Each structure stands twice: as C-alpha cells, then as structure tokens.
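Step one of this worksheet: look at the structure below.
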Amino acid sequence: MKLLVVGASYRTAPVATLEQLAVPPADLTRTLDRLVAQPYVSEAVIVSTCNRVEVYAAVSGFHGGLGDVCAVLAEQAGSSPTALASHLYVHYDTAAVDHVFRVATGLDSMVVGEAQILGQLRDAYHWATGADSAGRLLHELMQQALRVGKRAHAETGIDRAGQSVVTAALELAAGHLDGDLVGHPALVVGAGAMGSLGVATLSRLGAGPLTVSNRGADRAVRLAESYGATAAPMTELADTLSTVDIVVAATASTEPVLTRSVVTAALADRDSSRGPLVLLDLAVPRDVEEGVAELPGVEVIDIDRMAALLADGPAAADAAAVERIVLGEVEGFLTWLRGADVAPTVAALRGRADDVVTAELRRLAQRRPDLGDDLRAEVARTVHRVVQRLLHQPTVKVRQLAAEPGGDQYAALLRELFDLEVPQTSPVDTVPDVLTPDLGMALPGTDPVSGADAAEPTPPTGGAR
C-alpha cells in the first residue's frame, strides 16, 4: 500500500469551494465508509477544517486511488472531478508523508506555526479510528505526525509567530477599531473549540463586555461563566448584535447564521458613531451570509480575506529549523515503512519453510514407522536447523535492502518467487492526546474536525482497521 493525499486548502480554493468540499460531523462516518469501499482505497482519514479539506488514504495504485478519492470528494461537493481538479492538490508516497508532517508542524497553515492544527489532526484520526477506516499505515502516519508536530513546537521558536487563527483575525479586526480592542463589546457565536478560543482571546486582549450565543444554551452558559461573560439566546441575535463592535462567528451550521436580514435589523438599532460592526467569519461553511459585506457600516473578515492579508510568516531561522525536523522525520518514517513492508513477507517465508519441513517429517513417519521417537526428534531438529541456516542470511539481507530507497521491491519479489500470501496486519492503537499552547485539549462535545460548535457529540467508537 502507498500513501496518497488529495485535498484543497486556502492556498488553492476560495471559501465557496471549501464550503462545498467540507465534511460536517454528521457526514464523516458515511464519507469514510464510502472511501474505504472504493476498489483502490483500503484506509482513509479526513481532515476538514476552516482552511483545508484533505483525504489521507492508503491505496493499492496511484491512478486508481486518485480516481476513487476524487470521485468521493466530487460526490461530497455535489460537483464533478473535472470541475474540482483546478482546486485540488495531490501528493503521493514520499511527498505525501512530507505534506502531512508539514501540516502537523503548522508550516502549511494560513498562520504559519499555529498549534490548533495538531488538535484538529488528532480528532480527525480519532474519528477515523472510531469509524474503522484507519489501518496499519494511517495509524503509524497519524501517530508520527502528531509526535512530529509536538516536537516542532517544543524544539523551535515557531510558537513565537505561530499565533492562533483567532488571534490573527482579531489583530486584523483591531485595525478597523483604532488599533485596539480594549473596551469594545464583543459577541462570540458558537461555543465549540474555536468559539471557546475566541472568548479566551477576546478576554485576554481586554475586549468587553463579552457575550456568547450558541444553539445549545447550556454550553453557552458554561463558556460564558468561565470568563465572566453573558450568555444570550440565538433567537435574540439581532438585538445582541446591535450592542457590540466585534463578532467572532465559528459554528458548525450548514447555513449562514448571520444573515443579511439579521444584520440589517441590528444596524437599525445600533449607534453608527461607534464605528463599524466587525464580523469575523471563521467557519466553513460560512456563518456570515455573502450579501452582508455589502451593507454600510459592516466589515467582514473571512477566510478568503485573511489569506490575502496574512502575508507575514515566522522568523526564517525558526521555519528553517522546523523544515529540518520534517526532513529527518520523513526519512525516518519511510525507513520504518520499508521495513514494515518486508517484515510480514519474511515471516510468511519462514512460515512456508516450517510448513514444508512439517509435511516432510510427517511423510517420513508414515514411510518409516519403525523409527524410534528419539531418532525422529533428532531428524526433525537437524532439518529445522538446516532450513533456518539457509534462510538466515537471505532474510537478514532483505531486511537491510528493504530499508533503502526502493526497498519495497524486495518484499514484492519474495512474494512472487515463493507464491506467498501475506496477511494484512492491523494493530489496535490508542489515539494520543495532544495539548496545544493556544487551544488546549479539545472540548467534549465540540466538532472534532473544524473545532466549531458540534453537530454530533462524539465520534463513533470502534477498533482499528
């Protein structure tokens, strides 16, 4: 099996296309099932956030696997593979491992170095494990990616520039409010991980008073109480909007929450001398209806606009240090992968040899029933010893060769020469916890894919594939 990555991100697709491709929690298990049901796909993980939608897949062939994954993505988007082609990127084998590790370290993020992606990767992996769509290859890939991401943040200074997406968005918002958020009333719509981060960051920056609105009132109340904020029902959204200067919208709704009619009603009751109403739309699909940006007195900052405005990256030395970590870890993973590919084949070869010896000893016992037990045992030990000595040097050598580039050919050659059937191994692994500086642990009941307000409470449970 080879690793294939197919995806779209803020680099290659506008928000409208990401909205089409986005896989909400309610559709995750079904989409994972669709992927692993394809002829060339045996394992799959889906990473769907506000900035990217990616499929990590173990495939038996490049062209067949690419066609299978693109077909499922096109079905999810209600489009055709041809229409999506210009927005998708594809990474295969070594390039795929490199891409996943770059994502995990934050090098591929809109805000380079941000740590939220680690929690999002962990939860995508958790979901795939529960849906039984992650097997040996993706278990190892995801666990190593999470480890590499944590290593990058621990050993380099990329965290210094790796602010969260929420922090970056609020810095842009401050530019429309005299450069300072202190004392500006704010509303956070959504009480998931992204909404929680929004409340925490607004509080740290001195904005206030703070209000939280959420579909589930209990979660809004709990989050508000944690930061001395007020919870407001979603049914009173227009009234609440009229009292604030900043809104952070981060729900998992499939339809816009801040519609043109709601915002228009809020503007009618709002004192325009307070300056613009700044709406930060961090959700995919969008929480702010498209026409809202045309209203006078409103500034909308969405993912598209952030991608255009956030041009500054981390210090070159920090980025270079992370690049070196990724380079070494990719080679380490590929070495493991080559060795892992040949190990079951070597085991199958030794098993075949044992089967042949056992069959021949049984035949000898039938032909020579006069042989005593001691003699039969000595013959058996001698034959086994001869076979093991014959196999020792070739199997040691093939393990060494397999660790080198192109080493997977040796395992395939052994299987072909000896007509070996190698069973697929599927160890059951736990999903490691990831603690990120800005996000902390993913909150129970939050969307494990986007970090927004959850549509389903928890991912399914199940064994590893």
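Every chain in the structure tokens takes a letter, A first, then B, and so on in the order presented; its residues are numbered from 1, and the ligands are numbered from 1 following the presented order.
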
Do a neighbour search on stretch 200-203 of chain A at 12 Å with only C-alpha atoms, toss out local chain neighbours closer than 6 positions, and write the hits as a PyMOL selection string.
-> chain A and resi 163-171+173-174+180-188+191+193-194+209-212+223-229+246-248+438-440

All alpha helix (DSSP H) residues (DSSP, backbone) inside stretch 254-403 of chain A, as a ChimeraX atom specification = /A:260-268,303-309,316-367,373-402

Using only C-alpha atoms, please write the residues we just selected to a file, as an mmCIF file, in the first residue's frame.
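The file below, again-v7.cif, is the result:
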```
data_model
loop_
_atom_site.group_PDB
_atom_site.id
_atom_site.type_symbol
_atom_site.label_atom_id
_atom_site.label_comp_id
_atom_site.auth_asym_id
_atom_site.auth_seq_id
_atom_site.Cartn_x
_atom_site.Cartn_y
_atom_site.Cartn_z
ATOM 1 C CA ARG A 260 -28.427 39.895 5.747
ATOM 2 C CA SER A 261 -31.816 40.402 7.372
ATOM 3 C CA VAL A 262 -30.462 39.762 10.897
ATOM 4 C CA VAL A 263 -27.517 42.136 10.454
ATOM 5 C CA THR A 264 -29.708 44.798 8.812
ATOM 6 C CA ALA A 265 -32.072 44.683 11.782
ATOM 7 C CA ALA A 266 -29.120 45.023 14.160
ATOM 8 C CA LEU A 267 -27.683 48.014 12.282
ATOM 9 C CA ALA A 268 -31.030 49.824 12.505
ATOM 10 C CA ILE A 303 -11.035 33.052 5.447
ATOM 11 C CA ASP A 304 -10.522 34.405 1.924
ATOM 12 C CA ARG A 305 -9.660 37.850 3.218
ATOM 13 C CA MET A 306 -7.371 36.517 5.925
ATOM 14 C CA ALA A 307 -5.415 34.519 3.354
ATOM 15 C CA ALA A 308 -4.824 37.717 1.372
ATOM 16 C CA LEU A 309 -3.910 39.875 4.389
ATOM 17 C CA ALA A 316 13.347 32.431 8.821
ATOM 18 C CA ALA A 317 15.542 30.634 11.369
ATOM 19 C CA ASP A 318 12.531 29.085 13.133
ATOM 20 C CA ALA A 319 10.944 27.989 9.875
ATOM 21 C CA ALA A 320 14.232 26.523 8.679
ATOM 22 C CA ALA A 321 14.617 24.597 11.933
ATOM 23 C CA VAL A 322 11.162 23.070 11.524
ATOM 24 C CA GLU A 323 11.927 22.245 7.890
ATOM 25 C CA ARG A 324 14.999 20.292 9.052
ATOM 26 C CA ILE A 325 12.933 18.418 11.611
ATOM 27 C CA VAL A 326 10.383 17.489 8.954
ATOM 28 C CA LEU A 327 13.092 16.349 6.530
ATOM 29 C CA GLY A 328 14.644 13.991 9.061
ATOM 30 C CA GLU A 329 11.318 12.667 10.313
ATOM 31 C CA VAL A 330 10.104 11.933 6.784
ATOM 32 C CA GLU A 331 13.175 9.809 6.108
ATOM 33 C CA GLY A 332 12.700 8.047 9.441
ATOM 34 C CA PHE A 333 9.090 7.253 8.619
ATOM 35 C CA LEU A 334 9.992 5.949 5.164
ATOM 36 C CA THR A 335 12.680 3.710 6.682
ATOM 37 C CA TRP A 336 10.095 2.288 9.084
ATOM 38 C CA LEU A 337 7.630 1.833 6.244
ATOM 39 C CA ARG A 338 10.080 -0.107 4.091
ATOM 40 C CA GLY A 339 10.991 -2.373 6.985
ATOM 41 C CA ALA A 340 7.360 -2.830 7.946
ATOM 42 C CA ASP A 341 6.522 -3.828 4.373
ATOM 43 C CA VAL A 342 9.099 -6.630 4.279
ATOM 44 C CA ALA A 343 8.625 -7.995 7.825
ATOM 45 C CA PRO A 344 5.317 -9.815 7.147
ATOM 46 C CA THR A 345 6.827 -11.232 3.942
ATOM 47 C CA VAL A 346 9.856 -12.604 5.820
ATOM 48 C CA ALA A 347 7.532 -14.091 8.430
ATOM 49 C CA ALA A 348 5.444 -15.682 5.691
ATOM 50 C CA LEU A 349 8.582 -17.151 4.086
ATOM 51 C CA ARG A 350 9.716 -18.687 7.372
ATOM 52 C CA GLY A 351 6.196 -19.987 7.935
ATOM 53 C CA ARG A 352 6.206 -21.577 4.488
ATOM 54 C CA ALA A 353 9.552 -23.259 5.289
ATOM 55 C CA ASP A 354 8.170 -24.591 8.588
ATOM 56 C CA ASP A 355 5.111 -25.953 6.788
ATOM 57 C CA VAL A 356 7.322 -27.777 4.238
ATOM 58 C CA VAL A 357 9.514 -29.284 6.995
ATOM 59 C CA THR A 358 6.465 -30.406 8.987
ATOM 60 C CA ALA A 359 4.897 -32.026 5.923
ATOM 61 C CA GLU A 360 8.100 -33.878 5.040
ATOM 62 C CA LEU A 361 8.580 -35.126 8.605
ATOM 63 C CA ARG A 362 5.009 -36.389 8.638
ATOM 64 C CA ARG A 363 5.628 -38.200 5.353
ATOM 65 C CA LEU A 364 8.833 -39.717 6.761
ATOM 66 C CA ALA A 365 6.924 -41.006 9.802
ATOM 67 C CA GLN A 366 4.399 -42.701 7.517
ATOM 68 C CA ARG A 367 7.107 -44.317 5.359
ATOM 69 C CA ASP A 373 10.924 -41.330 18.910
ATOM 70 C CA ASP A 374 14.459 -40.220 19.754
ATOM 71 C CA LEU A 375 15.633 -40.696 16.192
ATOM 72 C CA ARG A 376 12.600 -38.910 14.755
ATOM 73 C CA ALA A 377 13.192 -35.957 17.117
ATOM 74 C CA GLU A 378 16.868 -35.761 16.110
ATOM 75 C CA VAL A 379 15.959 -35.815 12.406
ATOM 76 C CA ALA A 380 13.397 -33.039 12.993
ATOM 77 C CA ARG A 381 15.925 -30.845 14.846
ATOM 78 C CA THR A 382 18.522 -31.370 12.130
ATOM 79 C CA VAL A 383 16.143 -30.499 9.269
ATOM 80 C CA HIS A 384 14.815 -27.401 11.064
ATOM 81 C CA ARG A 385 18.378 -26.268 11.791
ATOM 82 C CA VAL A 386 19.404 -26.675 8.151
ATOM 83 C CA VAL A 387 16.388 -24.703 6.908
ATOM 84 C CA GLN A 388 16.918 -21.894 9.423
ATOM 85 C CA ARG A 389 20.585 -21.583 8.473
ATOM 86 C CA LEU A 390 19.694 -21.479 4.785
ATOM 87 C CA LEU A 391 17.146 -18.724 5.393
ATOM 88 C CA HIS A 392 19.138 -16.650 7.881
ATOM 89 C CA GLN A 393 21.481 -14.745 5.564
ATOM 90 C CA PRO A 394 18.899 -14.029 2.819
ATOM 91 C CA THR A 395 16.313 -12.759 5.316
ATOM 92 C CA VAL A 396 18.824 -10.543 7.134
ATOM 93 C CA LYS A 397 19.986 -9.132 3.812
ATOM 94 C CA VAL A 398 16.483 -8.484 2.503
ATOM 95 C CA ARG A 399 15.644 -6.538 5.683
ATOM 96 C CA GLN A 400 18.709 -4.375 5.132
ATOM 97 C CA LEU A 401 17.903 -3.802 1.469
ATOM 98 C CA ALA A 402 14.272 -3.043 2.275
#
```

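From atom CA of A:Phe101 back to atom CA of A:Val148, the distance works out to 6.8 Å.
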
Would you please extract all strand (DSSP E) residues from stretch 1-50 of chain A, as assigned by DSSP on the backbone, and give them as a VMD selection string?
-> chain A and resid 2 to 9 41 to 48

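Take the candidates A:Leu84, A:Ala44, A:Leu295, A:Val59 and check each one against A:Tyr125 using only C-alpha atoms; the shortest distance goes to A:Ala44.
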
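The residue set within 9 Å of A:Val72, counting only C-alpha atoms and dropping same-chain residues fewer than 4 places from it, reads Thr31, Arg34, Leu35, Gln38, Gly67, Asp68, Gln76, Ala77 and Pro81 of chain A.
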
Neighbours of stretch 3-8 of chain A within 10 Å (only C-alpha atoms; same-chain residues fewer than 2 positions away dropped), as a PyMOL selection string?
-> chain A and resi 1+10-14+17-18+21-22+41+43-48+51-62+65-66+69-70+73+84-97+99-100+137-138+141
